[in-house]
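A.B. asks: Got a structure for you, written out below as structure tokens; questions coming shortly.
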Amino acid sequence: MNSIKEFMNRNIRQYGMIFALIVIVMFFGIATGGKLIWPRNVSMLVRQNAYVLILAIGMMFCILTGGNIDLSVGSLVALVSAMSGLMATTIGIPSWLAIIFGLVTGLLAGLWQGFWIAYVKVPPFITTLAGMLVFRGVNNIILNGQTLPLSGLYVVIGTGSVPDIAPNTIPDFLRIGDLLQLQNKPEFLNATMFIVGLVLSIIYVLFTIFNRKSKIARGYEVASLKSVVIKVISFFIVINIFSYWLAMDDGLPIMLILVAILFAVYTFIATKTIPGRHIYAMGGNIKAAELSGVNTKKMMFLVYSNMGLLAAVAGIVTAGRLMASSPNVGANFEMDAIGSCFIGGASAYGGVGTIWGAVVGAFIMGVMNNGMSIIGLNVFLQSVVKGMVVLLAVAFDMYSKSKSRLG
Amino acid sequence: MSEYILEMRNITKEFPGVTALSDVTFQVKKGEIHALVGENGAGKSTLMNVLSGIHPYGSYSGDIIFKGTECRFKNIRDSEAAGIAIIHQELALSPFMTIAENIFLGNERVKNGVINWDETNREAIKLMQRVGLNEKHTAQIKNIGVGKQQLVEIAKALSKNCELLILDEPTAALNDEDSNHLLELLCTLNKEHGLTCIMISHKIHEVIKIANDITVLRDGKTIETLDNTEKVSEGRIIKGMVGRELTDRFPKHTPKIGEIGFEVKNWVAYDPLDEERAIINNVSIHVRKGEIVGLAGLMGAGRTELAMSIFGKAYGKKISGTLIKDGKEITLNNIEQAIENGIAYVTEDRKTAGLVHIQDLKKNITLANLKAITKGFVINEDEELIVGKDYRKRFNIKSSSVFQKVGNLSGGNQQKVVLSKWIFAAPDVLILDEPTRGIDVGAKYEIYKIILELADAGKCIIMISSELPEILGITDRLYIINEGRVVGEMKTSEATQEDIMSTIISSSAG
């Protein structure tokens with residue numbers, strides 16, 4: 001019992017966020033007359049917001065190093081999509097090669113900014129402000145006001161989904177279609193999505209059980225059975241509901257696979273590796289970290305280089321979804337990413353925040369965007385609401401922190 | 001009983017889970033210097049925070065009576081308006097502003113809503129004369145020493161016409177000379193202007209020197225108030241603080257000294273800000289295995305700079321010289337290399353450079369040696385938990401669990417975490433820089449025991465300390481450092497405080 005309390009206390013911000021997400025989903029679910037949770041809309045939500053998730057993952061590392069942000073990612077998204085698009089259309093190399101070219105462009109831009117930040121000590125804010133202007137400028141020079149239509153692999157990544165391995169075999173057995181009163185109810189589920197969701201969640205459950213047992217056997221400390229059971233069951237349910245929903249539409253989006261892989265890899269880096277630990281330590285106290293042997297310059301360099309790479313991934317994804325490279329793409333993307341991280345519990349001073357939090361933050365932003373659009377709220381008013389949410393999320397953070405410090 | 005300017009009656013202050021003060025009564029007579037002593041965590045600072053309104057009325061129970069009226073301060077402004085000023089251990093000055101601007105910070109001299117610079121400067125010069133500060137009033141705070149900064153703080157308090165001045169560890173960061181100057185100033189202000197002072201201090205000899213009365217706190221309770229007109233003994237105060245007679249301040253120990261383990265030859269390092277100025281000038285020292293070597297000297301003698309320049313060139317430019325470990329020459333170009341080569345440096349600056357305050361105990365302990373708990377690319381967090389628990393138990397670190405954030409620990413316990421971190425890094429050579437600074441008597445004893453244990457395990461230990469009794473009490477041999485040079489070497493058993501001081505003074509260049 002005590003350990004559950006302790007666990008909750010230690011993770012209160014995380015659970016608060018999930019709670020907030022649920023409340024927001026419920027609110028917009030009701031306000032949109034259920035349209036928000038229509039399977040078609042859910043699958044669109046995933047595709048529409050993949051870029052925010054990808055950018056937020058990279059941005060979280062920047063923020064962790066000490067509250068630093070990267071203002072250039074929106075421009076870099078545009079630059080990468082322009083470079084890659086140019087290669088694929090005007091020059092005419094194969095799509096896959098053009099995509100790799102785009103990724104390399106992003107990585108080089110990241111290395112460039114990382115160099116100035118880490119080794120010349122130009123503050124990140126200034127470096128990336130410069131980058132924002134430079135990348136946007138280069139993008140406009142390349143495209144010269146034109147929009148390049150894209151096809152092939154781009155479109156697959158941007159809009160495609162994994163083929164159904166067994167169409168018309170699994171019926172909508174929960175009758176969700178009736179429940180939501182959909183106009184064109186799907187009779188059958190997309191088998192691929194449904195099976196992938198089920199298998200992954202079963203693997204997760206088995207892995208947790210096995211891991212716990214082996215820890216007990218080796219004499220390590222484990223969380224109480226009750227808290228583990230609650231956690232496992234809720235995860236199992238959430239994953240399966242989510243995959244069921246997507247299965248009712250066109251199945252497993254390629255973009256979701258990409259985002260899931262990035263999420264897994266970067267969560268692993270942040271929590272289980274030495275570089276991850278070093279980034280948290282330097283965000284908490286850079287002097288102490290340096291004196292403990294953390295190469296803070298190298299970490300800064302890596303974090304910003306990585307941000308460039310992830311911005312490139314977001315650039316390709318965005319180009320694919322829009323099926324074009326256009327001069328104005330990516331405007332305000334950096335603000336969405338930064339906002340997601342802070343809504344997701346990152347500390348404005350660094351050292352605190354999780355990849356998981358960034359993802360939940362991005363979902364909160366995405367659901368709000370989408371929900372407000374369905375309701376038909378004025379675009380400018382939408383911006384006001386988003387701004388207030390970011391402000392209040394951080395204000396709540398500061399408030400709860402000042403409470404806990406007194407305690 | 002109007003002789004008391006301040007009475008705090010039955011003060012109880014609770015934090016969730018802890019009672020910081022329980023039924024404390026504290027009385028200060030008008031025009032006296034009243035010392036408040038006690039171990040870390042005894043409740044001294046909490047009591048002063050209650051008094052100055054940092055913990056507002058309502059968050060504690062009990063009464064505060066100041067100049068005969070009951071006070072209910074909601075914040076610092078309230079208490080300042082009533083005539084109470086507090087000077088915290090961490091100075092609250094703005095480094096890029098001038099002395100005059102700092103003195104009137106938050107209390108600006110204004111005329112029709114515009115700052116009156118003539119009056120500001122004139123008043124600042126007057127106040128500076130009163131506190132004996134010989135600097136231009138236009139000098140920036142960052143360019144004057146800590147001792148002088150402390151005087152600016154006092155001038156600032158005086159500018160608010162305070163009648164009761166609270167000083168929290170005013171001499172903790174000062175050298176002997178500056179400390180003496182400050183204490184004399186307090187006495188003068190007290191005698192000539194009738195300023196009442198409350199002084200929190202760990203330096204018992206200073207307390208005995210200047211206080212009229214001494215109140216001892218222990219575990220959030222008032223233990224006793226001693227009348228110091230007859231000068232009470234150090235032992236008497238310590239007894240009140242720790243609740244027992246502390247006969248030996250240093251643990252008994254028989255050194256087991258082996259061969260030379262670490263040697264520094266012809267070490268030279270230049271000031272990073274002024275590359276013409278040598279900070280460390282041709283220093284050669286050595287340490288044997290199992291030996292504790294002290295580096296004695298005044299503040300600014302270059303001991304920290306020496307240690308840090310050895311520790312992977314963490315300080316200084318144009319560093320030259322030879323490092324020999326176990327008979328082999330080693331090169332340490334950065335801190336990672338230093339740690340890999342088994343050198344550890346425990347910083348003097350625990351607060352700002354020792355720990356990651358927002359992280360928990362176990363993560364701090366493993367930070368310098370994550371490789372030891374990493375397999376492939378993966379940190380084994382279960383192993384980390386075991387390591388954390390192990391050190392917490394071994395060094396008796398008082399905390400709710402290994403998941404507690406180190407920022408919430410007391411100074412002594414934080415220092416134990418820092419030591420744990422470096423011991424977990426498994427070094428052969430440990431450089432300890434002021435390992436007991438700002439730590440109470442009881443915790444000091446425990447830190448000494450850890451240091452001696454490490455020596456017995458065959459480590460080479462270099463200890464920097466500004467407290468001569470500590471150097472004499474714990475080391476086997478000592479070097480005297482002055483102005484970046486080694487000016488003397490003695491066996492500790494043959495050294496006295498007078499020897500060390502006279503060596504320093506006679507070595508000082510004209």
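Scheme for the structure tokens: letters A, B, ... for chains in order shown; per-chain residue numbers from 1; ligand numbers from 1 in order shown.
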Excluding same-chain residues fewer than 3 positions from stretch 67-82 of chain A, what lies within 6 Å of it counting only C-alpha atoms, as a PyMOL selection string?
C.D. replies: chain A and resi 62-63+85-86+102+128-129+131-132+135-136+139+311-312+315-316+319+325+329-331+333-334+348-350
A.B. asks: Could you save those same residues with N, CA and C atoms as an mmCIF file, in the first residue's frame?
C.D. replies:
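Saved result, again_6.cif, follows:
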```
data_model
loop_
_atom_site.group_PDB
_atom_site.id
_atom_site.type_symbol
_atom_site.label_atom_id
_atom_site.label_comp_id
_atom_site.auth_asym_id
_atom_site.auth_seq_id
_atom_site.Cartn_x
_atom_site.Cartn_y
_atom_site.Cartn_z
ATOM 1 N N CYS A 62 16.463 18.476 -25.906
ATOM 2 C CA CYS A 62 17.006 19.838 -25.842
ATOM 3 C C CYS A 62 16.612 20.483 -24.514
ATOM 4 N N ILE A 63 15.345 20.344 -24.168
ATOM 5 C CA ILE A 63 14.853 20.969 -22.943
ATOM 6 C C ILE A 63 15.522 20.340 -21.720
ATOM 7 N N GLY A 85 12.335 16.988 -51.912
ATOM 8 C CA GLY A 85 11.382 17.103 -53.009
ATOM 9 C C GLY A 85 12.072 17.480 -54.308
ATOM 10 N N LEU A 86 13.037 18.378 -54.199
ATOM 11 C CA LEU A 86 13.789 18.817 -55.360
ATOM 12 C C LEU A 86 14.521 17.640 -56.003
ATOM 13 N N GLY A 102 17.255 13.753 -47.861
ATOM 14 C CA GLY A 102 16.581 14.674 -46.940
ATOM 15 C C GLY A 102 17.027 14.460 -45.505
ATOM 16 N N THR A 128 19.598 28.826 -32.789
ATOM 17 C CA THR A 128 18.467 28.254 -33.509
ATOM 18 C C THR A 128 17.549 29.339 -34.068
ATOM 19 N N LEU A 129 17.618 30.524 -33.466
ATOM 20 C CA LEU A 129 16.899 31.653 -34.064
ATOM 21 C C LEU A 129 17.521 31.959 -35.429
ATOM 22 N N GLY A 131 19.196 29.809 -37.160
ATOM 23 C CA GLY A 131 18.866 28.656 -38.004
ATOM 24 C C GLY A 131 17.471 28.785 -38.590
ATOM 25 N N MET A 132 16.559 29.269 -37.776
ATOM 26 C CA MET A 132 15.179 29.440 -38.218
ATOM 27 C C MET A 132 15.130 30.343 -39.457
ATOM 28 N N PHE A 135 17.401 28.580 -42.531
ATOM 29 C CA PHE A 135 16.786 27.402 -43.174
ATOM 30 C C PHE A 135 15.550 27.811 -43.969
ATOM 31 N N ARG A 136 14.773 28.729 -43.391
ATOM 32 C CA ARG A 136 13.572 29.169 -44.091
ATOM 33 C C ARG A 136 13.968 29.889 -45.380
ATOM 34 N N ASN A 139 15.157 27.390 -47.980
ATOM 35 C CA ASN A 139 13.970 26.692 -48.474
ATOM 36 C C ASN A 139 13.263 27.523 -49.539
ATOM 37 N N ALA A 311 14.010 16.377 -36.994
ATOM 38 C CA ALA A 311 13.289 17.382 -37.772
ATOM 39 C C ALA A 311 13.204 16.924 -39.227
ATOM 40 N N ALA A 312 14.268 16.275 -39.697
ATOM 41 C CA ALA A 312 14.252 15.762 -41.068
ATOM 42 C C ALA A 312 13.197 14.671 -41.231
ATOM 43 N N GLY A 315 10.058 16.265 -41.442
ATOM 44 C CA GLY A 315 9.947 16.922 -42.740
ATOM 45 C C GLY A 315 9.461 15.967 -43.814
ATOM 46 N N ILE A 316 10.032 14.763 -43.837
ATOM 47 C CA ILE A 316 9.642 13.753 -44.828
ATOM 48 C C ILE A 316 8.183 13.350 -44.608
ATOM 49 N N ALA A 319 5.891 16.134 -45.715
ATOM 50 C CA ALA A 319 5.847 16.192 -47.176
ATOM 51 C C ALA A 319 4.950 15.072 -47.712
ATOM 52 N N SER A 325 6.058 19.361 -51.539
ATOM 53 C CA SER A 325 6.961 20.243 -50.805
ATOM 54 C C SER A 325 6.521 21.656 -51.118
ATOM 55 N N VAL A 329 5.428 25.339 -45.594
ATOM 56 C CA VAL A 329 5.185 24.226 -44.676
ATOM 57 C C VAL A 329 6.023 24.418 -43.406
ATOM 58 N N GLY A 330 5.530 23.872 -42.322
ATOM 59 C CA GLY A 330 6.337 23.864 -41.098
ATOM 60 C C GLY A 330 6.243 25.113 -40.250
ATOM 61 N N ALA A 331 5.439 26.081 -40.645
ATOM 62 C CA ALA A 331 5.332 27.300 -39.845
ATOM 63 C C ALA A 331 4.775 26.960 -38.463
ATOM 64 N N PHE A 333 5.755 24.948 -36.334
ATOM 65 C CA PHE A 333 5.933 23.576 -35.831
ATOM 66 C C PHE A 333 6.744 23.550 -34.547
ATOM 67 N N GLU A 334 7.774 24.437 -34.481
ATOM 68 C CA GLU A 334 8.617 24.449 -33.271
ATOM 69 C C GLU A 334 7.778 24.767 -32.040
ATOM 70 N N ALA A 348 11.097 23.850 -17.169
ATOM 71 C CA ALA A 348 11.665 24.927 -17.993
ATOM 72 C C ALA A 348 13.130 25.166 -17.662
ATOM 73 N N TYR A 349 13.633 24.521 -16.604
ATOM 74 C CA TYR A 349 15.033 24.688 -16.230
ATOM 75 C C TYR A 349 15.873 23.465 -16.599
ATOM 76 N N GLY A 350 15.224 22.444 -17.135
ATOM 77 C CA GLY A 350 15.963 21.258 -17.541
ATOM 78 C C GLY A 350 16.015 20.191 -16.465
#
```
A.B. asks: Run DSSP on the backbone and give me the residues of stretch 23-102 of chain B it puts in strand (DSSP E or B), as a VMD selection string.
C.D. replies: chain B and resid 23 to 29 33 to 37 60 to 66 69 to 70 84 to 87 98
A.B. asks: Quick one: which stretch 66-159 of chain A residues come within 10 Å of stretch 32-54 of chain A, and what is the nearest atom pair for each with the distance in Å to one decimal, counting only C-alpha atoms, rows ordered by chain and ascending number, as a Markdown table?
C.D. replies:
```
| residue | atom | partner | partner_atom | distance |
| --- | --- | --- | --- | --- |
| A:Val77 | CA | A:Tyr51 | CA | 9.4 |
| A:Ile157 | CA | A:Arg47 | CA | 9.8 |
| A:Gly158 | CA | A:Arg47 | CA | 7.3 |
| A:Thr159 | CA | A:Arg47 | CA | 7.2 |
```
A.B. asks: Determine which residues of stretch 22-115 of chain B receive a DSSP assignment of helix (DSSP H, G or I), computed from the backbone, and state them as a CSV table (one decimal) with N, CA and C atoms, in the first residue's frame.
C.D. replies:
```
chain,number,residue,atom,x,y,z
B,44,LYS,N,17.4,25.8,13.5
B,44,LYS,CA,17.8,27.2,13.7
B,44,LYS,C,17.3,28.1,12.5
B,45,SER,N,17.5,27.6,11.3
B,45,SER,CA,17.1,28.4,10.2
B,45,SER,C,15.6,28.5,10.1
B,46,THR,N,14.9,27.4,10.4
B,46,THR,CA,13.5,27.4,10.4
B,46,THR,C,12.9,28.4,11.4
B,47,LEU,N,13.5,28.5,12.5
B,47,LEU,CA,13.1,29.4,13.6
B,47,LEU,C,13.2,30.9,13.0
B,48,MET,N,14.4,31.1,12.4
B,48,MET,CA,14.6,32.5,11.9
B,48,MET,C,13.7,32.8,10.7
B,49,ASN,N,13.3,31.7,9.9
B,49,ASN,CA,12.4,31.9,8.8
B,49,ASN,C,11.0,32.2,9.3
B,50,VAL,N,10.6,31.6,10.5
B,50,VAL,CA,9.4,32.0,11.1
B,50,VAL,C,9.4,33.4,11.5
B,51,LEU,N,10.5,33.8,12.2
B,51,LEU,CA,10.6,35.2,12.7
B,51,LEU,C,10.5,36.2,11.6
B,76,ILE,N,8.4,38.8,4.2
B,76,ILE,CA,9.6,39.5,4.6
B,76,ILE,C,9.3,41.0,4.8
B,77,ARG,N,8.5,41.5,3.8
B,77,ARG,CA,8.3,43.0,3.9
B,77,ARG,C,7.7,43.4,5.2
B,78,ASP,N,6.8,42.6,5.7
B,78,ASP,CA,6.1,42.9,7.0
B,78,ASP,C,7.2,42.9,8.1
B,79,SER,N,8.1,41.9,8.1
B,79,SER,CA,9.1,41.9,9.2
B,79,SER,C,10.1,43.0,9.1
B,80,GLU,N,10.4,43.3,7.8
B,80,GLU,CA,11.4,44.5,7.6
B,80,GLU,C,10.7,45.8,8.1
B,81,ALA,N,9.5,45.9,7.8
B,81,ALA,CA,8.8,47.1,8.2
B,81,ALA,C,8.8,47.3,9.7
B,82,ALA,N,8.8,46.1,10.4
B,82,ALA,CA,8.8,46.2,11.9
B,82,ALA,C,10.2,46.4,12.4
B,99,ILE,N,27.8,48.7,-5.7
B,99,ILE,CA,27.5,48.6,-4.3
B,99,ILE,C,26.4,49.5,-3.9
B,100,ALA,N,26.4,50.7,-4.3
B,100,ALA,CA,25.3,51.6,-3.9
B,100,ALA,C,23.9,51.1,-4.4
B,101,GLU,N,23.9,50.6,-5.6
B,101,GLU,CA,22.6,50.1,-6.1
B,101,GLU,C,22.1,48.9,-5.3
B,102,ASN,N,23.1,48.1,-4.9
B,102,ASN,CA,22.7,46.9,-4.1
B,102,ASN,C,22.2,47.3,-2.7
B,103,ILE,N,22.9,48.3,-2.1
B,103,ILE,CA,22.5,48.7,-0.8
B,103,ILE,C,21.0,49.1,-0.8
```
A.B. asks: To one decimal place, how far is atom CA of B:Asn180 from atom CA of B:Ile481 in Å?
C.D. replies: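 One can read the atom CA of B:Asn180 to atom CA of B:Ile481 distance as 21.9 Å.
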A.B. asks: Tell me the residues of chain B close to chain A, meaning within 9 Å using only C-alpha atoms, as number ranges by chain.
C.D. replies: B: 14-18, 311, 314, 334-339, 344-347, 350, 352-359, 363-364, 367-371, 374, 377-383, 385-386, 403, 408, 421-422
A.B. asks: Counting only C-alpha atoms, which residues of stretch 301-345 of chain B fall within 12 Å of stretch 441-465 of chain B, and what is the closest atom pair for each with its distance in Å at one decimal, ordered by chain and rising number, as CSV?
C.D. replies:
```
residue,atom,partner,partner_atom,distance
B:Ala301,CA,B:Ile464,CA,11.0
B:Gly302,CA,B:Ile464,CA,10.5
B:Arg303,CA,B:Ile464,CA,6.9
B:Thr304,CA,B:Ile464,CA,7.6
B:Glu305,CA,B:Ile464,CA,11.0
B:Leu306,CA,B:Ile464,CA,10.3
B:Ala307,CA,B:Ile464,CA,8.8
B:Met308,CA,B:Ile464,CA,11.7
B:Ile310,CA,B:Ile462,CA,11.8
B:Lys325,CA,B:Cys460,CA,10.2
B:Asp326,CA,B:Cys460,CA,10.7
B:Gly342,CA,B:Lys459,CA,10.1
B:Ile343,CA,B:Cys460,CA,9.5
B:Ala344,CA,B:Ile461,CA,9.7
B:Tyr345,CA,B:Ile462,CA,9.4
```
A.B. asks: One decimal, Å: what's the distance from atom CA of B:Glu340 over to atom CA of B:Gly312, could you say?
C.D. replies: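 That distance, rounded to one decimal, is 10.3 Å.
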A.B. asks: Could you give me, as number ranges by chain, the residues within 9 Å of stretch 186-195 of chain B, counting only C-alpha atoms and dropping anything in the same chain fewer than 3 positions from it?
C.D. replies: B: 30-33, 130-131, 162-165, 181-183, 210
